[in-house]
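Colleague: Supplied structure: structure-v6.cif, mmCIF, C-alpha atoms.
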data_final
#
loop_
_atom_site.label_atom_id
_atom_site.label_comp_id
_atom_site.auth_asym_id
_atom_site.auth_seq_id
_atom_site.Cartn_x
_atom_site.Cartn_y
_atom_site.Cartn_z
CA MET A 1 -6.73 186.16 -47.97
CA VAL A 2 -7.60 184.17 -44.85
CA ILE A 3 -11.28 184.05 -44.01
CA ASP A 4 -11.87 185.29 -40.49
CA SER A 5 -14.42 183.36 -38.40
CA ASN A 6 -15.19 186.46 -36.35
CA SER A 7 -16.13 188.36 -39.51
CA LEU A 8 -18.31 185.43 -40.60
CA SER A 9 -20.07 185.39 -37.23
CA THR A 10 -21.07 189.06 -37.63
CA LEU A 11 -23.05 188.22 -40.79
CA SER A 12 -26.78 187.82 -40.08
CA TYR A 13 -26.95 184.63 -42.14
CA PHE A 14 -24.49 182.82 -39.91
CA SER A 15 -25.18 184.38 -36.52
CA GLY A 16 -26.89 181.19 -35.32
CA LEU A 17 -23.85 178.99 -35.89
CA SER A 18 -21.44 177.90 -33.18
CA ALA A 19 -17.71 178.63 -33.36
CA ALA A 20 -17.07 175.05 -34.46
CA GLU A 21 -19.71 175.26 -37.18
CA LEU A 22 -18.26 178.56 -38.43
CA GLU A 23 -14.85 176.91 -38.61
CA ALA A 24 -16.40 174.07 -40.59
CA ILE A 25 -18.00 176.33 -43.21
CA LYS A 26 -15.05 178.73 -43.44
CA PRO A 27 -13.28 176.85 -46.28
CA SER A 28 -16.35 177.40 -48.50
CA PHE A 29 -15.66 181.15 -48.59
CA PHE A 30 -13.11 183.22 -50.44
CA GLU A 31 -12.11 186.85 -50.10
CA LYS A 32 -12.21 189.40 -52.88
CA THR A 33 -11.12 193.03 -52.82
CA PHE A 34 -12.09 195.92 -55.06
CA GLN A 35 -10.68 199.40 -55.47
CA ARG A 36 -12.92 202.47 -55.31
CA GLY A 37 -14.91 202.79 -58.53
CA GLU A 38 -14.51 199.16 -59.60
CA MET A 39 -17.65 197.31 -60.65
CA ILE A 40 -18.46 194.23 -58.58
CA PHE A 41 -21.33 192.94 -60.71
CA PHE A 42 -23.68 194.23 -63.35
CA GLU A 43 -27.46 194.39 -63.57
CA GLY A 44 -28.83 191.69 -65.88
CA GLU A 45 -25.92 189.30 -65.43
CA PRO A 46 -26.42 185.85 -63.92
CA ALA A 47 -25.15 185.46 -60.34
CA GLU A 48 -22.93 182.53 -59.44
CA THR A 49 -21.53 183.83 -56.16
CA LEU A 50 -23.20 185.25 -53.08
CA PHE A 51 -21.26 188.25 -51.78
CA PHE A 52 -21.10 189.63 -48.25
CA LEU A 53 -19.64 193.07 -47.59
CA ILE A 54 -16.93 192.82 -44.94
CA SER A 55 -15.44 196.30 -45.15
CA GLY A 56 -16.01 199.40 -47.23
CA ILE A 57 -19.10 200.76 -48.97
CA VAL A 58 -20.90 199.42 -52.04
CA LYS A 59 -23.34 201.34 -54.19
CA LEU A 60 -26.27 199.21 -55.43
CA PHE A 61 -27.96 200.90 -58.36
CA LYS A 62 -30.09 200.49 -61.44
CA THR A 63 -29.56 202.17 -64.77
CA SER A 64 -32.56 203.32 -66.82
CA ALA A 65 -32.89 202.82 -70.58
CA GLN A 66 -31.88 206.49 -70.91
CA GLY A 67 -28.68 205.76 -68.97
CA LYS A 68 -29.78 207.48 -65.77
CA GLU A 69 -28.48 205.98 -62.57
CA GLN A 70 -30.79 205.36 -59.64
CA ILE A 71 -29.14 204.46 -56.35
CA ILE A 72 -31.15 201.75 -54.63
CA SER A 73 -29.00 201.69 -51.52
CA LEU A 74 -25.52 202.19 -50.12
CA ALA A 75 -24.52 198.89 -48.55
CA ARG A 76 -22.58 198.99 -45.30
CA PRO A 77 -20.34 196.28 -43.79
CA ARG A 78 -22.09 193.01 -42.85
CA GLU A 79 -24.75 193.40 -45.54
CA VAL A 80 -25.37 190.80 -48.23
CA LEU A 81 -25.21 192.23 -51.75
CA ASN A 82 -26.99 189.88 -54.14
CA ASP A 83 -29.14 187.33 -52.33
CA ILE A 84 -32.17 187.89 -54.60
CA SER A 85 -30.48 186.64 -57.75
CA ILE A 86 -28.81 183.77 -55.89
CA PHE A 87 -32.07 182.46 -54.46
CA ASP A 88 -34.42 183.04 -57.40
CA ASN A 89 -31.80 181.98 -59.99
CA GLY A 90 -32.58 185.11 -61.99
CA PRO A 91 -30.23 187.81 -63.24
CA ASN A 92 -28.85 190.51 -60.92
CA PRO A 93 -31.65 193.06 -60.43
CA MET A 94 -29.08 195.83 -59.93
CA SER A 95 -25.43 196.66 -60.37
CA ALA A 96 -22.86 197.00 -57.60
CA GLN A 97 -19.88 199.35 -57.52
CA ALA A 98 -17.21 199.85 -54.86
CA MET A 99 -17.46 203.33 -53.33
CA SER A 100 -14.26 202.84 -51.34
CA MET A 101 -11.69 200.11 -50.94
CA VAL A 102 -13.95 197.08 -50.48
CA THR A 103 -13.44 193.60 -49.06
CA LEU A 104 -16.04 190.95 -49.80
CA TYR A 105 -16.49 187.37 -48.74
CA GLY A 106 -17.94 185.23 -51.49
CA ILE A 107 -19.43 181.77 -51.56
CA LYS A 108 -20.33 179.92 -54.74
CA LYS A 109 -23.98 179.02 -55.14
CA GLU A 110 -23.28 175.26 -55.10
CA ARG A 111 -21.23 175.53 -51.90
CA LEU A 112 -23.97 177.58 -50.28
CA GLU A 113 -26.49 174.86 -51.08
CA VAL A 114 -24.26 172.34 -49.28
CA VAL A 115 -24.01 174.65 -46.24
CA LEU A 116 -27.79 175.07 -46.18
CA ARG A 117 -28.32 171.32 -46.26
CA GLN A 118 -25.81 170.76 -43.46
CA TYR A 119 -26.95 173.67 -41.28
CA PRO A 120 -30.70 174.24 -41.77
CA GLN A 121 -30.66 176.95 -39.08
CA VAL A 122 -28.91 179.19 -41.63
CA SER A 123 -32.04 178.98 -43.78
CA SER A 124 -34.21 180.44 -41.02
CA GLN A 125 -31.75 183.31 -40.62
CA ILE A 126 -31.92 183.93 -44.36
CA ILE A 127 -35.72 183.99 -44.19
CA GLN A 128 -35.50 186.68 -41.51
CA VAL A 129 -33.12 188.78 -43.59
CA LEU A 130 -35.32 188.46 -46.69
CA ALA A 131 -38.46 189.23 -44.68
CA ALA A 132 -36.87 192.40 -43.28
CA ARG A 133 -35.89 193.46 -46.80
CA THR A 134 -39.43 192.75 -48.06
CA ARG A 135 -40.82 194.96 -45.30
CA GLN A 136 -38.49 197.81 -46.35
CA LEU A 137 -39.50 197.39 -49.98
CA ILE A 138 -43.22 197.41 -49.13
CA SER A 139 -42.65 200.70 -47.32
CA LEU A 140 -40.85 202.07 -50.38
CA VAL A 141 -43.64 200.90 -52.71
CA GLU A 142 -46.14 202.65 -50.47
CA ASP A 143 -44.10 205.87 -50.66
CA LEU A 144 -43.75 205.69 -54.39
CA SER A 145 -47.24 204.64 -55.39
CA PHE A 146 -49.79 205.80 -52.83
CA LYS A 147 -48.35 208.99 -51.49
CA HIS A 148 -47.59 212.12 -53.41
CA VAL A 149 -44.15 212.63 -52.00
CA ILE A 150 -42.97 215.12 -54.60
CA GLY A 151 -45.86 217.46 -53.75
CA ARG A 152 -45.00 217.26 -50.08
CA VAL A 153 -41.32 217.95 -50.76
CA ALA A 154 -42.35 220.97 -52.86
CA LYS A 155 -44.47 222.19 -49.94
CA ILE A 156 -41.54 221.79 -47.54
CA LEU A 157 -39.29 223.78 -49.88
CA LEU A 158 -41.74 226.69 -50.11
CA GLU A 159 -42.42 226.67 -46.38
CA HIS A 160 -38.76 226.74 -45.43
CA THR A 161 -37.26 229.35 -47.69
CA SER A 162 -34.53 231.45 -46.21
CA ASP A 163 -34.99 235.19 -45.80
CA GLY A 164 -31.54 235.66 -47.27
CA GLY A 165 -29.94 236.39 -43.91
CA SER A 166 -26.63 234.83 -43.05
CA HIS A 167 -28.19 232.55 -40.44
CA GLY A 168 -31.29 231.50 -42.32
CA GLN A 169 -32.99 228.20 -41.70
CA ARG A 170 -31.32 225.18 -43.29
CA LEU A 171 -32.63 221.68 -43.88
CA THR A 172 -30.95 218.36 -44.57
CA GLN A 173 -32.45 215.76 -46.90
CA GLN A 174 -32.91 213.57 -43.82
CA GLU A 175 -34.96 216.30 -42.13
CA MET A 176 -37.06 216.79 -45.26
CA ALA A 177 -37.68 213.03 -45.33
CA ALA A 178 -38.82 213.07 -41.70
CA MET A 179 -41.17 215.97 -42.46
CA ALA A 180 -42.57 214.31 -45.58
CA GLY A 181 -42.90 210.95 -43.83
CA THR A 182 -40.74 209.16 -46.34
CA ALA A 183 -37.24 207.83 -46.89
CA ARG A 184 -34.24 210.05 -47.55
CA GLU A 185 -33.73 208.32 -50.91
CA VAL A 186 -37.24 209.32 -51.99
CA VAL A 187 -36.53 212.96 -51.10
CA ALA A 188 -33.31 212.84 -53.10
CA ARG A 189 -35.24 211.40 -56.05
CA SER A 190 -37.97 214.06 -55.76
CA LEU A 191 -35.39 216.88 -55.70
CA LYS A 192 -33.68 215.40 -58.75
CA ALA A 193 -37.01 215.15 -60.58
CA MET A 194 -37.77 218.80 -59.79
CA GLU A 195 -34.33 219.81 -61.02
CA GLU A 196 -34.82 217.89 -64.27
CA ARG A 197 -38.12 219.72 -64.81
CA GLY A 198 -36.29 223.04 -64.31
CA LEU A 199 -38.22 223.95 -61.17
CA ILE A 200 -35.24 224.09 -58.83
CA ARG A 201 -31.45 224.13 -59.04
CA LEU A 202 -29.37 222.06 -56.66
CA GLU A 203 -26.28 224.08 -55.88
CA ARG A 204 -23.57 223.57 -53.30
CA HIS A 205 -25.48 223.71 -49.96
CA ARG A 206 -28.32 225.66 -51.62
CA ILE A 207 -31.60 224.73 -53.24
CA VAL A 208 -32.65 227.56 -55.53
CA VAL A 209 -36.36 227.58 -56.37
CA SER A 210 -36.43 228.95 -59.90
CA ASP A 211 -40.13 228.40 -60.60
CA LYS A 212 -42.14 229.03 -57.45
CA ASN A 213 -45.48 229.01 -59.31
CA ALA A 214 -44.84 225.58 -60.79
CA LEU A 215 -44.01 224.22 -57.34
CA GLN A 216 -47.22 225.74 -55.99
CA GLU A 217 -49.18 224.10 -58.81
CA MET A 218 -47.53 220.79 -57.98
CA ILE A 219 -48.68 221.13 -54.37
CA ASN A 220 -52.24 222.03 -55.40
CA GLN A 221 -52.49 219.11 -57.83
CA GLU A 222 -51.29 216.56 -55.33
CA VAL A 223 -53.15 217.60 -52.19
CA MET B 1 -14.72 230.41 -44.93
CA ILE B 2 -16.03 227.55 -47.02
CA GLN B 3 -19.31 225.99 -45.98
CA MET B 4 -18.79 222.31 -45.20
CA PRO B 5 -20.95 219.43 -43.97
CA GLU B 6 -21.25 219.38 -40.19
CA ILE B 7 -20.45 216.63 -37.72
CA ASN B 8 -21.96 216.06 -34.31
CA GLN B 9 -19.15 214.42 -32.35
CA ASP B 10 -21.59 213.16 -29.71
CA LYS B 11 -23.31 211.00 -32.32
CA CYS B 12 -20.16 209.91 -34.20
CA ASN B 13 -19.22 206.27 -33.53
CA LEU B 14 -15.95 206.50 -35.49
CA CYS B 15 -17.02 203.83 -37.99
CA GLY B 16 -15.05 205.67 -40.69
CA LEU B 17 -17.57 205.07 -43.48
CA CYS B 18 -17.78 208.83 -44.22
CA ILE B 19 -14.01 208.98 -44.66
CA GLU B 20 -14.15 206.03 -47.04
CA ILE B 21 -16.97 207.38 -49.16
CA CYS B 22 -15.78 211.00 -49.45
CA ARG B 23 -14.31 211.52 -52.92
CA CYS B 24 -12.60 214.82 -52.20
CA GLY B 25 -10.72 213.96 -49.01
CA ALA B 26 -12.67 216.52 -47.00
CA ILE B 27 -13.21 214.13 -44.11
CA ILE B 28 -10.18 212.95 -42.18
CA LEU B 29 -9.33 211.44 -38.83
CA VAL B 30 -7.34 213.76 -36.54
CA ASN B 31 -6.40 212.42 -33.11
CA ASN B 32 -9.19 209.87 -33.40
CA ILE B 33 -11.78 212.55 -34.16
CA VAL B 34 -13.58 212.71 -37.51
CA THR B 35 -12.78 216.16 -38.82
CA LEU B 36 -14.00 218.18 -41.80
CA VAL B 37 -11.39 220.01 -43.86
CA GLU B 38 -12.49 223.10 -45.76
CA THR B 39 -12.19 222.52 -49.48
CA ASP B 40 -13.80 223.83 -52.65
CA ASP B 41 -13.62 220.28 -53.97
CA CYS B 42 -16.62 219.33 -51.83
CA HIS B 43 -19.58 219.49 -54.20
CA TRP B 44 -22.19 218.63 -51.57
CA CYS B 45 -22.85 215.15 -52.95
CA THR B 46 -24.36 214.32 -49.48
CA LEU B 47 -23.04 210.74 -49.65
CA CYS B 48 -21.39 211.22 -46.24
CA GLU B 49 -24.79 212.06 -44.75
CA ALA B 50 -26.37 209.13 -46.57
CA ILE B 51 -23.84 206.56 -45.34
CA CYS B 52 -23.55 207.78 -41.73
CA PRO B 53 -25.32 205.13 -39.61
CA THR B 54 -25.84 207.43 -36.62
CA GLY B 55 -26.93 210.67 -38.29
CA ALA B 56 -23.81 212.43 -37.03
CA LEU B 57 -22.96 213.98 -40.38
CA THR B 58 -25.33 216.46 -41.94
CA CYS B 59 -25.30 218.34 -45.23
CA SER B 60 -27.90 221.05 -44.86
CA PHE B 61 -29.35 223.18 -47.62
CA GLU B 62 -30.45 226.78 -47.55
CA ILE B 63 -33.61 227.10 -49.62
CA ILE B 64 -33.91 230.34 -51.52
CA ILE B 65 -36.40 231.61 -54.06
CA GLU B 66 -35.01 233.14 -57.21
CA GLU B 67 -36.83 236.38 -57.92
CA ARG B 68 -37.72 236.81 -61.56
#
Starting from the file, lay out its structure as structure tokens.
Modeller:
Amino acid sequence: MVIDSNSLSTLSYFSGLSAAELEAIKPSFFEKTFQRGEMIFFEGEPAETLFFLISGIVKLFKTSAQGKEQIISLARPREVLNDISIFDNGPNPMSAQAMSMVTLYGIKKERLEVVLRQYPQVSSQIIQVLAARTRQLISLVEDLSFKHVIGRVAKILLEHTSDGGSHGQRLTQQEMAAMAGTAREVVARSLKAMEERGLIRLERHRIVVSDKNALQEMINQEV
Amino acid sequence: MIQMPEINQDKCNLCGLCIEICRCGAIILVNNIVTLVETDDCHWCTLCEAICPTGALTCSFEIIIEER
């Protein structure tokens, strides 16, 4: 469970620190591992420790009152998992679950405050990370509130139907997102919403449009 | 032949995240090449596509209209 300075240096928060400074802050961190499927923290709980993902994949998600899960993002190595709740002293805005074997570095809130006082340059790195995240979220808000993404996804589906041949046209969710001018996650959400309304069925490598007229109406309403 | 996600080896940077996230063991490393294994256990969750940082892995859909 030895904290590795090289791993610390790859984290955006600490990229401005020298090797000696990284060595100095190293004892403030501890390592934690999780097996696939294990919960790391829960939405609504207070956060006492800031976690950085060192290896593996973590699903960050919210759960609706009806129990539906909404994936906010899949965190990759070097990402910070819960800075919002650490810095605003509020509860975790989402839950985190290990999607593979996961190694985290953690630092207690009080120890982080000491590090920030000793090395103010870390604060400016944190501001950059939070600003980048804010920019992403503004883009997502724009997608969700001002644009009628679901109508555009419906249009893409109807315009790219296969003729039934063995080499018909195929689309990935990433390609649909590029066509609709939105994020892949928003396409996934739109497809799920259409499925819940009984307009399409998501099968293994097939999207079956079961109510073409309803999709057409959706396009007409949202143009 | 079972339809499987596709990998573009030119884009793959061997980060291994797809192997870690795949729940059915359909993605393995063979001679340092990320390889897809045909299996009915793959339910097209598309998580491998979602996690791939380089866009090397793709899970494409055929879109068909059900005639009523």
Colleague: At a cut-off of 6 Å, using only C-alpha atoms, what residues contact segment 45-58 of chain B? Leave out same-chain residues fewer than 6 positions from it and give the result as number ranges by chain.
Modeller: B: 5-8, 11-12, 18
Colleague: Specify as a PyMOL selection string all residues of chain B found within 6 Å of chain A, counting only C-alpha atoms.
Modeller: chain B and resi 20-21+43-44+59-66
Colleague: Starting from the shown file, work through the PyMOL selection byres ((chain B and resi 32) around 12) and note down what comes out as a PyMOL selection string.
Modeller: chain B and resi 9+12-16+28-31+33-35
Colleague: Might you spell out which residues the PyMOL selection byres ((chain A and resi 118-121) around 12) would select in the displayed file, as a ChimeraX atom specification?
Modeller: /A:12-18,21-22,24-25,111-117,122-128
Colleague: List the residues selected by the PyMOL selection byres ((chain A and resi 32-34) around 12) in the file shown, writing them as a ChimeraX atom specification.
Modeller: /A:1-3,29-31,35-41,49-58,96-107
Colleague: Could you jot down the atom CA of Leu60 of chain A to atom CA of Pro46 of chain A separation for me, Å, one decimal place?
Modeller: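 It comes out at 15.8 Å.
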Colleague: Find the residues near Met1 of chain B: any atom within 12 Å, counting only C-alpha atoms, skip ones fewer than 6 places away on the same chain, and give them as a list in words.
Modeller: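 Within the cut-off, the hits are Val37, Glu38, Thr39 and Asp40 of chain B.
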Colleague: Report, in Å to a single decimal, how far apart atom CA of Ala65 of chain A and atom CA of Val149 of chain A are.
Modeller: 23.8 Å
Colleague: Which residues, written as a PyMOL selection string, have at least one atom at most 12 Å from Arg133 of chain A, with all atoms listed in the file counted and residues fewer than 4 positions away on the same chain left out?
Modeller: chain A and resi 73+79-81+83-84+126-129+137-140
Colleague: Rounded to one decimal, what separation in Å do you get between atom CA of Pro27 of chain A and atom CA of Lys108 of chain A?
Modeller: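 Atom CA of Pro27 of chain A sits 11.4 Å away from atom CA of Lys108 of chain A.
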Colleague: Using the incomplete input, complete segment 36-64 of chain B to the level of N, CA and C atoms; output as a PDB file, in the frame of the given file.
Modeller:
ATOM      1  N   LEU B  36     -13.725 217.666 -40.463  1.00  0.00           N
ATOM      2  CA  LEU B  36     -14.000 218.180 -41.800  1.00  0.00           C
ATOM      3  C   LEU B  36     -12.940 219.219 -42.177  1.00  0.00           C
ATOM      4  N   VAL B  37     -12.409 219.080 -43.379  1.00  0.00           N
ATOM      5  CA  VAL B  37     -11.390 220.010 -43.860  1.00  0.00           C
ATOM      6  C   VAL B  37     -12.043 220.906 -44.917  1.00  0.00           C
ATOM      7  N   GLU B  38     -11.875 222.192 -44.788  1.00  0.00           N
ATOM      8  CA  GLU B  38     -12.490 223.100 -45.760  1.00  0.00           C
ATOM      9  C   GLU B  38     -11.857 222.913 -47.132  1.00  0.00           C
ATOM     10  N   THR B  39     -12.704 222.661 -48.117  1.00  0.00           N
ATOM     11  CA  THR B  39     -12.190 222.520 -49.480  1.00  0.00           C
ATOM     12  C   THR B  39     -13.289 222.856 -50.494  1.00  0.00           C
ATOM     13  N   ASP B  40     -12.865 223.533 -51.552  1.00  0.00           N
ATOM     14  CA  ASP B  40     -13.800 223.830 -52.650  1.00  0.00           C
ATOM     15  C   ASP B  40     -14.153 222.575 -53.429  1.00  0.00           C
ATOM     16  N   ASP B  41     -13.367 221.519 -53.226  1.00  0.00           N
ATOM     17  CA  ASP B  41     -13.620 220.280 -53.970  1.00  0.00           C
ATOM     18  C   ASP B  41     -14.882 219.559 -53.500  1.00  0.00           C
ATOM     19  N   CYS B  42     -15.383 219.949 -52.331  1.00  0.00           N
ATOM     20  CA  CYS B  42     -16.620 219.330 -51.830  1.00  0.00           C
ATOM     21  C   CYS B  42     -17.795 219.910 -52.626  1.00  0.00           C
ATOM     22  N   HIS B  43     -18.464 219.030 -53.357  1.00  0.00           N
ATOM     23  CA  HIS B  43     -19.580 219.490 -54.200  1.00  0.00           C
ATOM     24  C   HIS B  43     -20.939 219.167 -53.588  1.00  0.00           C
ATOM     25  N   TRP B  44     -20.931 218.861 -52.287  1.00  0.00           N
ATOM     26  CA  TRP B  44     -22.190 218.630 -51.570  1.00  0.00           C
ATOM     27  C   TRP B  44     -22.947 217.436 -52.167  1.00  0.00           C
ATOM     28  N   CYS B  45     -22.203 216.342 -52.377  1.00  0.00           N
ATOM     29  CA  CYS B  45     -22.850 215.150 -52.950  1.00  0.00           C
ATOM     30  C   CYS B  45     -23.786 214.502 -51.926  1.00  0.00           C
ATOM     31  N   THR B  46     -23.576 214.809 -50.641  1.00  0.00           N
ATOM     32  CA  THR B  46     -24.360 214.320 -49.480  1.00  0.00           C
ATOM     33  C   THR B  46     -24.215 212.809 -49.235  1.00  0.00           C
ATOM     34  N   LEU B  47     -23.238 212.186 -49.889  1.00  0.00           N
ATOM     35  CA  LEU B  47     -23.040 210.740 -49.650  1.00  0.00           C
ATOM     36  C   LEU B  47     -22.591 210.467 -48.215  1.00  0.00           C
ATOM     37  N   CYS B  48     -21.839 211.419 -47.623  1.00  0.00           N
ATOM     38  CA  CYS B  48     -21.390 211.220 -46.240  1.00  0.00           C
ATOM     39  C   CYS B  48     -22.590 211.187 -45.300  1.00  0.00           C
ATOM     40  N   GLU B  49     -23.557 212.062 -45.563  1.00  0.00           N
ATOM     41  CA  GLU B  49     -24.790 212.060 -44.750  1.00  0.00           C
ATOM     42  C   GLU B  49     -25.556 210.760 -44.968  1.00  0.00           C
ATOM     43  N   ALA B  50     -25.602 210.328 -46.234  1.00  0.00           N
ATOM     44  CA  ALA B  50     -26.370 209.130 -46.570  1.00  0.00           C
ATOM     45  C   ALA B  50     -25.789 207.870 -45.918  1.00  0.00           C
ATOM     46  N   ILE B  51     -24.459 207.799 -45.840  1.00  0.00           N
ATOM     47  CA  ILE B  51     -23.840 206.560 -45.340  1.00  0.00           C
ATOM     48  C   ILE B  51     -23.723 206.545 -43.813  1.00  0.00           C
ATOM     49  N   CYS B  52     -23.764 207.715 -43.192  1.00  0.00           N
ATOM     50  CA  CYS B  52     -23.550 207.780 -41.730  1.00  0.00           C
ATOM     51  C   CYS B  52     -24.648 207.001 -40.999  1.00  0.00           C
ATOM     52  N   PRO B  53     -24.285 205.949 -40.257  1.00  0.00           N
ATOM     53  CA  PRO B  53     -25.320 205.130 -39.610  1.00  0.00           C
ATOM     54  C   PRO B  53     -25.939 205.778 -38.384  1.00  0.00           C
ATOM     55  N   THR B  54     -25.326 206.837 -37.872  1.00  0.00           N
ATOM     56  CA  THR B  54     -25.840 207.430 -36.620  1.00  0.00           C
ATOM     57  C   THR B  54     -26.428 208.823 -36.827  1.00  0.00           C
ATOM     58  N   GLY B  55     -26.394 209.321 -38.050  1.00  0.00           N
ATOM     59  CA  GLY B  55     -26.930 210.670 -38.290  1.00  0.00           C
ATOM     60  C   GLY B  55     -26.021 211.763 -37.753  1.00  0.00           C
ATOM     61  N   ALA B  56     -24.739 211.431 -37.573  1.00  0.00           N
ATOM     62  CA  ALA B  56     -23.810 212.430 -37.030  1.00  0.00           C
ATOM     63  C   ALA B  56     -23.407 213.470 -38.062  1.00  0.00           C
ATOM     64  N   LEU B  57     -23.396 213.058 -39.320  1.00  0.00           N
ATOM     65  CA  LEU B  57     -22.960 213.980 -40.380  1.00  0.00           C
ATOM     66  C   LEU B  57     -24.175 214.549 -41.098  1.00  0.00           C
ATOM     67  N   THR B  58     -24.184 215.845 -41.266  1.00  0.00           N
ATOM     68  CA  THR B  58     -25.330 216.460 -41.940  1.00  0.00           C
ATOM     69  C   THR B  58     -24.852 217.439 -43.012  1.00  0.00           C
ATOM     70  N   CYS B  59     -25.572 217.431 -44.124  1.00  0.00           N
ATOM     71  CA  CYS B  59     -25.300 218.340 -45.230  1.00  0.00           C
ATOM     72  C   CYS B  59     -26.581 219.162 -45.435  1.00  0.00           C
ATOM     73  N   SER B  60     -26.646 220.291 -44.805  1.00  0.00           N
ATOM     74  CA  SER B  60     -27.900 221.050 -44.860  1.00  0.00           C
ATOM     75  C   SER B  60     -27.928 221.995 -46.051  1.00  0.00           C
ATOM     76  N   PHE B  61     -29.140 222.278 -46.482  1.00  0.00           N
ATOM     77  CA  PHE B  61     -29.350 223.180 -47.620  1.00  0.00           C
ATOM     78  C   PHE B  61     -30.091 224.427 -47.156  1.00  0.00           C
ATOM     79  N   GLU B  62     -29.669 225.557 -47.699  1.00  0.00           N
ATOM     80  CA  GLU B  62     -30.450 226.780 -47.550  1.00  0.00           C
ATOM     81  C   GLU B  62     -31.389 226.810 -48.747  1.00  0.00           C
ATOM     82  N   ILE B  63     -32.651 227.088 -48.511  1.00  0.00           N
ATOM     83  CA  ILE B  63     -33.610 227.100 -49.620  1.00  0.00           C
ATOM     84  C   ILE B  63     -33.937 228.551 -49.947  1.00  0.00           C
ATOM     85  N   ILE B  64     -33.651 228.939 -51.155  1.00  0.00           N
ATOM     86  CA  ILE B  64     -33.910 230.340 -51.520  1.00  0.00           C
ATOM     87  C   ILE B  64     -34.766 230.389 -52.789  1.00  0.00           C
TER      88      ILE B  64
END
